[in-house]
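Written below as structure tokens is the structure these notes are about.
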Amino acid sequence: MTNNPEQYFQSSGTVVLPGLEEAVSLPRRVWFRNDGAVSSLVENQVKTVMIIHGYIDLNRSRLRGVLEAPIDRLVAAAVGQMVLAEYPDLRHTNGYCLRHDIPGTGEQAYVVAKRQGLDPTMDVFVDGHESGHFLERNALHSHLQSMLLREGVNLDAGAYSGEDFADIGGLLALRRAVRRGVKGLGMPVFKHRGPIRPEQAAAFAG
Ligand SMILES: [Zn+2]
């Protein structure tokens, strides 16, 4: 059977970025999937790697089942070691936006996922943060800036990169959730990283 990883992703059209709840057009040769809350980020990444490389080949409609099913322990353990060597932070981070180069095609697939059971603030923040990573890695910075403008937030997203850029996505997601009427949200508190940059927090507080 020919492995066709494209079936496990959205490969064209627009995708709604989690947290930001805003549609963006996928760039050419960029695929996307949002797995939402998962019980293990490491295992979720392992399964995606296995799917892409053809260890698991099932109809797309059964993808959720695959992502939750027991998998071949030997292959999974080997892939798991590779994944942790490449992304050691996956053991304790709250979410990820990871790129997969699809072998032999030049296509790139991005998967966004977050840890299950986060507190309500972090749950929203992580979605927006990982969406921020997706926008930056695909040179879609201007989308974030236009969202800031529409929200009336006076902040130059172009002055930031990496985690600081992604945090703006997280803060935007929180603001939009509050506006939708979600109660009880505050500023995220982190165990394994530094706090939000004070000037970003201030721009959103205003
Ligand atoms: Zn990040």
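We name chains A, B, ... following the order of the structure tokens; residues begin at 1 in each chain, and ligands are numbered from 1 as shown.
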> Which neighbours of Ala166 in chain A fall inside 8 Å, counting only C-alpha atoms, when residues of the same chain fewer than 5 positions from it are skipped, and could you give them as an MDAnalysis selection string?
Replying inline: chainID A and resid 128:133 136 161
If we count only C-alpha atoms, what is near Ile52 in chain A at a cut-off of 12 Å, once residues fewer than 2 positions away on the same chain are taken out, given as a CSV table (one decimal) with N, CA and C atoms, in the first residue's frame?
```csv
chain,number,residue,atom,x,y,z
A,2,THR,N,0.5,2.2,-0.8
A,2,THR,CA,1.3,3.5,-0.9
A,2,THR,C,1.0,4.3,0.3
A,3,ASN,N,2.0,4.8,1.0
A,3,ASN,CA,1.7,5.7,2.1
A,3,ASN,C,1.3,7.1,1.6
A,4,ASN,N,0.2,7.7,2.0
A,4,ASN,CA,-0.2,9.0,1.6
A,4,ASN,C,-0.4,9.9,2.8
A,5,PRO,N,0.6,10.5,3.3
A,5,PRO,CA,0.4,11.2,4.6
A,5,PRO,C,-0.5,12.4,4.4
A,6,GLU,N,-0.7,12.9,3.2
A,6,GLU,CA,-1.5,14.1,3.0
A,6,GLU,C,-2.9,13.9,3.6
A,7,GLN,N,-3.4,12.7,3.6
A,7,GLN,CA,-4.7,12.4,4.1
A,7,GLN,C,-4.9,12.7,5.6
A,8,TYR,N,-3.8,12.8,6.3
A,8,TYR,CA,-3.9,13.1,7.7
A,8,TYR,C,-3.8,14.5,8.1
A,9,PHE,N,-3.8,15.4,7.1
A,9,PHE,CA,-3.6,16.8,7.4
A,9,PHE,C,-4.6,17.6,6.5
A,45,GLN,N,3.3,13.2,19.3
A,45,GLN,CA,4.3,13.4,18.3
A,45,GLN,C,4.8,12.1,17.7
A,46,VAL,N,5.0,11.1,18.6
A,46,VAL,CA,5.5,9.8,18.1
A,46,VAL,C,4.5,9.3,17.0
A,47,LYS,N,3.2,9.3,17.4
A,47,LYS,CA,2.2,8.8,16.5
A,47,LYS,C,2.2,9.5,15.1
A,48,THR,N,2.4,10.9,15.2
A,48,THR,CA,2.4,11.6,14.0
A,48,THR,C,3.6,11.3,13.1
A,49,VAL,N,4.7,11.1,13.7
A,49,VAL,CA,5.9,10.7,13.0
A,49,VAL,C,5.7,9.3,12.4
A,50,MET,N,5.1,8.4,13.1
A,50,MET,CA,4.9,7.1,12.6
A,50,MET,C,3.9,7.1,11.4
A,54,GLY,N,4.7,6.1,7.5
A,54,GLY,CA,4.0,4.9,7.0
A,54,GLY,C,4.0,3.7,7.9
A,55,TYR,N,4.3,3.9,9.2
A,55,TYR,CA,4.2,2.8,10.1
A,55,TYR,C,2.7,2.5,10.4
A,56,ILE,N,1.9,3.6,10.3
A,56,ILE,CA,0.5,3.5,10.5
A,56,ILE,C,-0.2,4.0,9.2
A,57,ASP,N,-1.0,3.3,8.6
A,57,ASP,CA,-1.6,3.8,7.3
A,57,ASP,C,-3.1,3.4,7.4
A,58,LEU,N,-3.9,4.4,7.8
A,58,LEU,CA,-5.3,4.1,7.9
A,58,LEU,C,-6.1,5.3,7.2
A,99,ARG,N,6.9,21.0,13.2
A,99,ARG,CA,7.0,20.9,11.7
A,99,ARG,C,7.5,19.5,11.4
A,100,HIS,N,6.9,18.9,10.4
A,100,HIS,CA,7.3,17.6,9.8
A,100,HIS,C,7.6,17.8,8.4
A,101,ASP,N,8.8,17.5,8.0
A,101,ASP,CA,9.1,17.5,6.5
A,101,ASP,C,8.6,16.2,5.9
A,102,ILE,N,7.8,16.3,4.9
A,102,ILE,CA,7.2,15.1,4.3
A,102,ILE,C,8.2,14.5,3.4
A,103,PRO,N,8.7,13.3,3.6
A,103,PRO,CA,9.8,12.7,2.8
A,103,PRO,C,9.5,12.7,1.3
A,104,GLY,N,10.4,13.2,0.6
A,104,GLY,CA,10.4,13.1,-0.9
A,104,GLY,C,9.4,14.0,-1.6
A,105,THR,N,8.9,15.0,-0.9
A,105,THR,CA,7.8,15.9,-1.5
A,105,THR,C,8.1,17.4,-1.4
A,107,GLU,N,7.0,19.1,0.9
A,107,GLU,CA,5.9,19.6,1.7
A,107,GLU,C,6.2,19.6,3.2
A,108,GLN,N,5.6,20.5,3.9
A,108,GLN,CA,5.8,20.6,5.3
A,108,GLN,C,4.5,20.5,6.0
A,109,ALA,N,4.4,19.7,7.1
A,109,ALA,CA,3.2,19.6,7.8
A,109,ALA,C,3.4,20.1,9.2
A,110,TYR,N,2.5,21.0,9.7
A,110,TYR,CA,2.5,21.5,11.1
A,110,TYR,C,1.4,20.9,11.9
A,111,VAL,N,1.8,20.4,13.1
A,111,VAL,CA,0.8,19.9,14.0
A,111,VAL,C,0.8,20.7,15.3
```
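The neighbours of Ala77 in chain A here are the residues that come within 12 Å of it, using only C-alpha atoms and leaving out any residue fewer than 5 positions away in the same chain; they are Val42, Glu43, Val46, Lys47, Met50, Ile71, Asp72, Met82, Val83 and Leu84 of chain A.
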> Which is closest to ligand 1 among A:Asp119, A:Asp89, A:Glu199, A:Asp156, if we use only C-alpha atoms and all ligand atoms?
Replying inline: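 Comparing A:Asp119, A:Asp89, A:Glu199, A:Asp156 against ligand 1, the winner is A:Asp89.
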> DSSP says strand (DSSP E) for which residues of range 27-182 of chain A? Put them as a list in words?
Replying inline: Val30, Trp31, Phe32, Arg33, Asn34, Asp35, Gly36, Ala37, Val38, Gly95, Tyr96, Cys97, Leu98, Arg99, His100, Asp101, Gln108, Ala109, Tyr110, Val111, Val112, Ala113, Lys114 and Arg115 of chain A
> What is the CA of Phe134 in chain A-CA of Asn44 in chain A distance in Å, reported with one decimal?
Replying inline: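 A separation of 17.8 Å between them.
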> Which polymer residues have any atom within 12 Å of an atom of Val16 in chain A, counting only C-alpha atoms, with same-chain residues fewer than 3 positions away left out, as a PyMOL selection string?
Replying inline: chain A and resi 10+13+19-26+32-34+112+127-128+131+134-135
>> Please determine, counting only C-alpha atoms and all ligand atoms, which residue among A:Val182, A:Leu17, A:Cys97, A:Ala201 has the shortest atom-to-atom distance to ligand 1.
In response: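 Smallest distance to ligand 1 is found for A:Cys97.
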>> Between A:Gln200, A:Phe125, A:Gly95, A:Ser146, which residue has the minimum interatomic distance to ligand 1, considering only C-alpha atoms and all ligand atoms?
In response: A:Gly95
>> Which residue is closest to ligand 1? Choose from A:Ser39, A:Thr93, A:Gln81, A:Ser11 and count only C-alpha atoms and all ligand atoms.
In response: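 When distances to ligand 1 are compared using only C-alpha atoms and all ligand atoms, the smallest one comes from A:Thr93.
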>> Nearest residue to ligand 1 out of A:Leu74, A:Leu174, A:Ile196, A:Ala159, using only C-alpha atoms and all ligand atoms?
In response: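 Smallest distance to ligand 1 is found for A:Ile196.
Of the listed residues (A:Lys183, A:Arg29, A:Arg150, A:Arg137), A:Arg137 comes nearest to ligand 1; the distances count only C-alpha atoms and all ligand atoms.
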> Hey, what's within 12 Å of Met187 in chain A if we count only C-alpha atoms and toss same-chain stuff fewer than 3 positions away? As a PyMOL selection string, please?
Replying inline: chain A and resi 119-126+167+170-175+178+184+190+195-198+200-202+204-205
